Amino acid sequence: MDNHTKEQRHYNMSRIRNKATKPEETVRKFLFAKGFRYRKNDKRFAGRPDIVLPKYKTIIFVNGCFWHMHDCPDFVLPKSNLDYWIPKLQRNKARDTENVNTLKSLGWNVIIIWTCELSTIQKREHRLSLLVEEIKQFY
């Protein structure tokens, strides 16, 4: 049973963005401050990556733990409407895998950043410092 009315649920779901989320903006601002230049949500690539660094042949996805079924404490399967949610989330995960494999086969370095890795200041600083190393290592 849902705790919200149909109107409340519709309003909540309509506020979930697929572009320019706070975690994406955090990563973008960090990269820009470090001198990296990028493209955002480039349609030419499988999965429409959040960040494309053409100079470094690197693509970055900033994934939400819920929507992409990350194996962490932040991912909790909904209690209701499982007939809808389980197939939907499994399709998301399968599509992610397919997109990453396609991009890697084209020679791109693919980096996935999970929102749980950005949840606290300490985690964020650690993950973003590793990000620079990952980008430059491939280059």
# chains A, B, ... in the order shown; residues from 1 in each chain; ligands from 1

call {"tool": "closest_atom_pairs", "arguments": {"of": "segment 59-82 of chain A", "to": "segment 2-21 of chain A", "cutoff": "10 Å", "atoms": "only C-alpha atoms", "output": "CSV"}}
result
residue,atom,partner,partner_atom,distance
A:Val62,CA,A:Thr21,CA,9.0
A:Asn63,CA,A:Asn18,CA,10.0
A:Gly64,CA,A:Thr21,CA,9.6
A:Lys79,CA,A:Asp2,CA,9.0
A:Ser80,CA,A:Asp2,CA,6.9
A:Asn81,CA,A:Asp2,CA,8.8

call {"tool": "residues_around", "arguments": {"residues": "Arg39 of chain A", "least_positions_apart": "3", "cutoff": "12 Å", "atoms": "only C-alpha atoms", "output": "JSON list (two decimals) with N, CA, C and O atoms, in the first residue's frame"}}
result
[["chain", "number", "residue", "atom", "x", "y", "z"],
["A", 28, "ARG", "N", 30.93, 17.74, -11.92],
["A", 28, "ARG", "CA", 31.27, 18.69, -12.98],
["A", 28, "ARG", "C", 32.04, 19.89, -12.45],
["A", 28, "ARG", "O", 33.04, 20.30, -13.04],
["A", 31, "LEU", "N", 35.60, 18.82, -11.66],
["A", 31, "LEU", "CA", 36.40, 18.63, -12.87],
["A", 31, "LEU", "C", 36.77, 19.96, -13.50],
["A", 31, "LEU", "O", 37.92, 20.17, -13.91],
["A", 32, "PHE", "N", 35.82, 20.88, -13.58],
["A", 32, "PHE", "CA", 36.08, 22.18, -14.18],
["A", 32, "PHE", "C", 37.14, 22.93, -13.38],
["A", 32, "PHE", "O", 38.06, 23.54, -13.95],
["A", 36, "PHE", "N", 39.65, 20.39, -16.28],
["A", 36, "PHE", "CA", 39.09, 19.48, -17.29],
["A", 36, "PHE", "C", 37.94, 20.18, -18.00],
["A", 36, "PHE", "O", 37.14, 20.88, -17.39],
["A", 42, "ASP", "N", 25.92, 13.96, -23.86],
["A", 42, "ASP", "CA", 26.13, 13.90, -25.30],
["A", 42, "ASP", "C", 25.33, 12.76, -25.92],
["A", 42, "ASP", "O", 25.54, 11.59, -25.61],
["A", 43, "LYS", "N", 24.40, 13.11, -26.80],
["A", 43, "LYS", "CA", 23.49, 12.14, -27.42],
["A", 43, "LYS", "C", 24.19, 11.15, -28.34],
["A", 43, "LYS", "O", 23.64, 10.11, -28.67],
["A", 44, "ARG", "N", 25.40, 11.49, -28.78],
["A", 44, "ARG", "CA", 26.10, 10.63, -29.74],
["A", 44, "ARG", "C", 26.59, 9.32, -29.13],
["A", 44, "ARG", "O", 26.96, 8.41, -29.87],
["A", 45, "PHE", "N", 26.61, 9.23, -27.82],
["A", 45, "PHE", "CA", 27.16, 8.07, -27.16],
["A", 45, "PHE", "C", 26.08, 7.24, -26.49],
["A", 45, "PHE", "O", 25.08, 7.77, -26.01],
["A", 48, "ARG", "N", 23.80, 8.14, -23.26],
["A", 48, "ARG", "CA", 23.85, 9.59, -23.08],
["A", 48, "ARG", "C", 24.59, 9.94, -21.79],
["A", 48, "ARG", "O", 24.00, 10.36, -20.79],
["A", 49, "PRO", "N", 25.92, 9.75, -21.79],
["A", 49, "PRO", "CA", 26.71, 9.92, -20.57],
["A", 49, "PRO", "C", 26.57, 11.30, -19.94],
["A", 49, "PRO", "O", 26.40, 12.30, -20.64],
["A", 50, "ASP", "N", 26.70, 11.34, -18.63],
["A", 50, "ASP", "CA", 26.59, 12.60, -17.90],
["A", 50, "ASP", "C", 27.76, 13.53, -18.23],
["A", 50, "ASP", "O", 27.57, 14.74, -18.35],
["A", 51, "ILE", "N", 28.96, 12.97, -18.38],
["A", 51, "ILE", "CA", 30.15, 13.76, -18.66],
["A", 51, "ILE", "C", 31.00, 13.03, -19.69],
["A", 51, "ILE", "O", 31.27, 11.84, -19.54],
["A", 52, "VAL", "N", 31.41, 13.75, -20.74],
["A", 52, "VAL", "CA", 32.30, 13.19, -21.76],
["A", 52, "VAL", "C", 33.54, 14.07, -21.81],
["A", 52, "VAL", "O", 33.44, 15.28, -22.00],
["A", 53, "LEU", "N", 34.70, 13.45, -21.62],
["A", 53, "LEU", "CA", 35.98, 14.15, -21.69],
["A", 53, "LEU", "C", 36.68, 13.68, -22.96],
["A", 53, "LEU", "O", 37.45, 12.71, -22.94],
["A", 54, "PRO", "N", 36.44, 14.35, -24.10],
["A", 54, "PRO", "CA", 36.98, 13.88, -25.38],
["A", 54, "PRO", "C", 38.51, 13.81, -25.39],
["A", 54, "PRO", "O", 39.08, 12.87, -25.93],
["A", 55, "LYS", "N", 39.16, 14.79, -24.80],
["A", 55, "LYS", "CA", 40.63, 14.84, -24.80],
["A", 55, "LYS", "C", 41.21, 13.60, -24.11],
["A", 55, "LYS", "O", 42.26, 13.10, -24.52],
["A", 56, "TYR", "N", 40.54, 13.11, -23.10],
["A", 56, "TYR", "CA", 41.04, 11.99, -22.32],
["A", 56, "TYR", "C", 40.36, 10.68, -22.71],
["A", 56, "TYR", "O", 40.60, 9.65, -22.08],
["A", 57, "LYS", "N", 39.49, 10.72, -23.74],
["A", 57, "LYS", "CA", 38.76, 9.54, -24.21],
["A", 57, "LYS", "C", 38.08, 8.83, -23.03],
["A", 57, "LYS", "O", 38.16, 7.62, -22.86],
["A", 58, "THR", "N", 37.45, 9.65, -22.18],
["A", 58, "THR", "CA", 36.83, 9.15, -20.96],
["A", 58, "THR", "C", 35.38, 9.59, -20.87],
["A", 58, "THR", "O", 35.04, 10.72, -21.20],
["A", 59, "ILE", "N", 34.55, 8.67, -20.41],
["A", 59, "ILE", "CA", 33.12, 8.93, -20.20],
["A", 59, "ILE", "C", 32.82, 8.64, -18.74],
["A", 59, "ILE", "O", 33.27, 7.64, -18.18],
["A", 60, "ILE", "N", 32.04, 9.54, -18.13],
["A", 60, "ILE", "CA", 31.69, 9.39, -16.72],
["A", 60, "ILE", "C", 30.17, 9.35, -16.58],
["A", 60, "ILE", "O", 29.46, 10.23, -17.10]]

call {"tool": "closest_residue", "arguments": {"among": "A:Thr97, A:Ile111, A:Val76, A:Ala46", "to": "Glu133 of chain A", "atoms": "only C-alpha atoms"}}
result
A:Ile111

call {"tool": "select_by_dssp", "arguments": {"residues": "segment 1-131 of chain A", "states": "strand (DSSP E)", "output": "PyMOL selection string"}}
result
chain A and resi 39-40+51-53+58-63+109-114

call {"tool": "atom_distance", "arguments": {"atom1": "atom CA of Ile113 of chain A", "atom2": "atom CA of Leu130 of chain A"}}
result
10.6 Å

call {"tool": "residues_around", "arguments": {"residues": "Glu98 of chain A", "least_positions_apart": "5", "cutoff": "10 Å", "atoms": "only C-alpha atoms", "output": "PyMOL selection string"}}
result
chain A and resi 46-47+92-93+103-104

call {"tool": "write_last_selection", "arguments": {"atoms": "all heavy atoms", "output": "PDB file, in the first residue's frame"}}
result
ATOM      1  N   ALA A  46      26.319   5.929 -26.431  1.00  0.00           N
ATOM      2  CA  ALA A  46      25.369   5.005 -25.801  1.00  0.00           C
ATOM      3  C   ALA A  46      25.138   5.410 -24.353  1.00  0.00           C
ATOM      4  O   ALA A  46      26.086   5.669 -23.614  1.00  0.00           O
ATOM      5  CB  ALA A  46      25.905   3.581 -25.866  1.00  0.00           C
ATOM      6  N   GLY A  47      23.885   5.491 -23.960  1.00  0.00           N
ATOM      7  CA  GLY A  47      23.547   5.820 -22.583  1.00  0.00           C
ATOM      8  C   GLY A  47      23.526   7.302 -22.279  1.00  0.00           C
ATOM      9  O   GLY A  47      23.291   7.691 -21.141  1.00  0.00           O
ATOM     10  N   ASN A  92      17.003  -1.333 -16.234  1.00  0.00           N
ATOM     11  CA  ASN A  92      17.974  -0.240 -16.095  1.00  0.00           C
ATOM     12  C   ASN A  92      19.389  -0.802 -15.948  1.00  0.00           C
ATOM     13  O   ASN A  92      20.326  -0.343 -16.611  1.00  0.00           O
ATOM     14  CB  ASN A  92      17.665   0.621 -14.871  1.00  0.00           C
ATOM     15  CG  ASN A  92      16.447   1.494 -15.039  1.00  0.00           C
ATOM     16  OD1 ASN A  92      15.871   1.598 -16.119  1.00  0.00           O
ATOM     17  ND2 ASN A  92      16.035   2.108 -13.956  1.00  0.00           N
ATOM     18  N   LYS A  93      19.534  -1.783 -15.080  1.00  0.00           N
ATOM     19  CA  LYS A  93      20.856  -2.365 -14.818  1.00  0.00           C
ATOM     20  C   LYS A  93      21.406  -3.063 -16.067  1.00  0.00           C
ATOM     21  O   LYS A  93      22.583  -2.921 -16.406  1.00  0.00           O
ATOM     22  CB  LYS A  93      20.767  -3.346 -13.652  1.00  0.00           C
ATOM     23  CG  LYS A  93      22.093  -3.741 -13.104  1.00  0.00           C
ATOM     24  CD  LYS A  93      21.944  -4.449 -11.779  1.00  0.00           C
ATOM     25  CE  LYS A  93      23.325  -4.678 -11.201  1.00  0.00           C
ATOM     26  NZ  LYS A  93      23.280  -5.037  -9.809  1.00  0.00           N
ATOM     27  N   LEU A 103      30.551   1.218 -25.134  1.00  0.00           N
ATOM     28  CA  LEU A 103      31.520   2.314 -25.069  1.00  0.00           C
ATOM     29  C   LEU A 103      32.945   1.792 -24.930  1.00  0.00           C
ATOM     30  O   LEU A 103      33.872   2.307 -25.575  1.00  0.00           O
ATOM     31  CB  LEU A 103      31.171   3.254 -23.916  1.00  0.00           C
ATOM     32  CG  LEU A 103      29.866   4.034 -24.089  1.00  0.00           C
ATOM     33  CD1 LEU A 103      29.427   4.662 -22.782  1.00  0.00           C
ATOM     34  CD2 LEU A 103      30.018   5.085 -25.170  1.00  0.00           C
ATOM     35  N   LYS A 104      33.139   0.762 -24.127  1.00  0.00           N
ATOM     36  CA  LYS A 104      34.483   0.189 -23.969  1.00  0.00           C
ATOM     37  C   LYS A 104      34.960  -0.442 -25.275  1.00  0.00           C
ATOM     38  O   LYS A 104      36.142  -0.344 -25.613  1.00  0.00           O
ATOM     39  CB  LYS A 104      34.494  -0.838 -22.840  1.00  0.00           C
ATOM     40  CG  LYS A 104      34.482  -0.202 -21.467  1.00  0.00           C
ATOM     41  CD  LYS A 104      34.595  -1.241 -20.372  1.00  0.00           C
ATOM     42  CE  LYS A 104      34.679  -0.553 -19.019  1.00  0.00           C
ATOM     43  NZ  LYS A 104      34.816  -1.525 -17.925  1.00  0.00           N
TER      44      LYS A 104
END

call {"tool": "closest_residue", "arguments": {"among": "A:Tyr38, A:Gly107, A:Phe66, A:Asn101", "to": "Ile86 of chain A", "atoms": "only C-alpha atoms"}}
result
A:Phe66

call {"tool": "select_by_dssp", "arguments": {"residues": "segment 27-109 of chain A", "states": "alpha helix (DSSP H)", "output": "ChimeraX atom specification"}}
result
/A:27-33,82-105

call {"tool": "atom_distance", "arguments": {"atom1": "atom CA of Cys116 of chain A", "atom2": "atom CA of Leu131 of chain A"}}
result
14.8 Å

call {"tool": "atom_distance", "arguments": {"atom1": "atom CA of Asn99 of chain A", "atom2": "atom CA of Asn41 of chain A"}}
result
13.8 Å
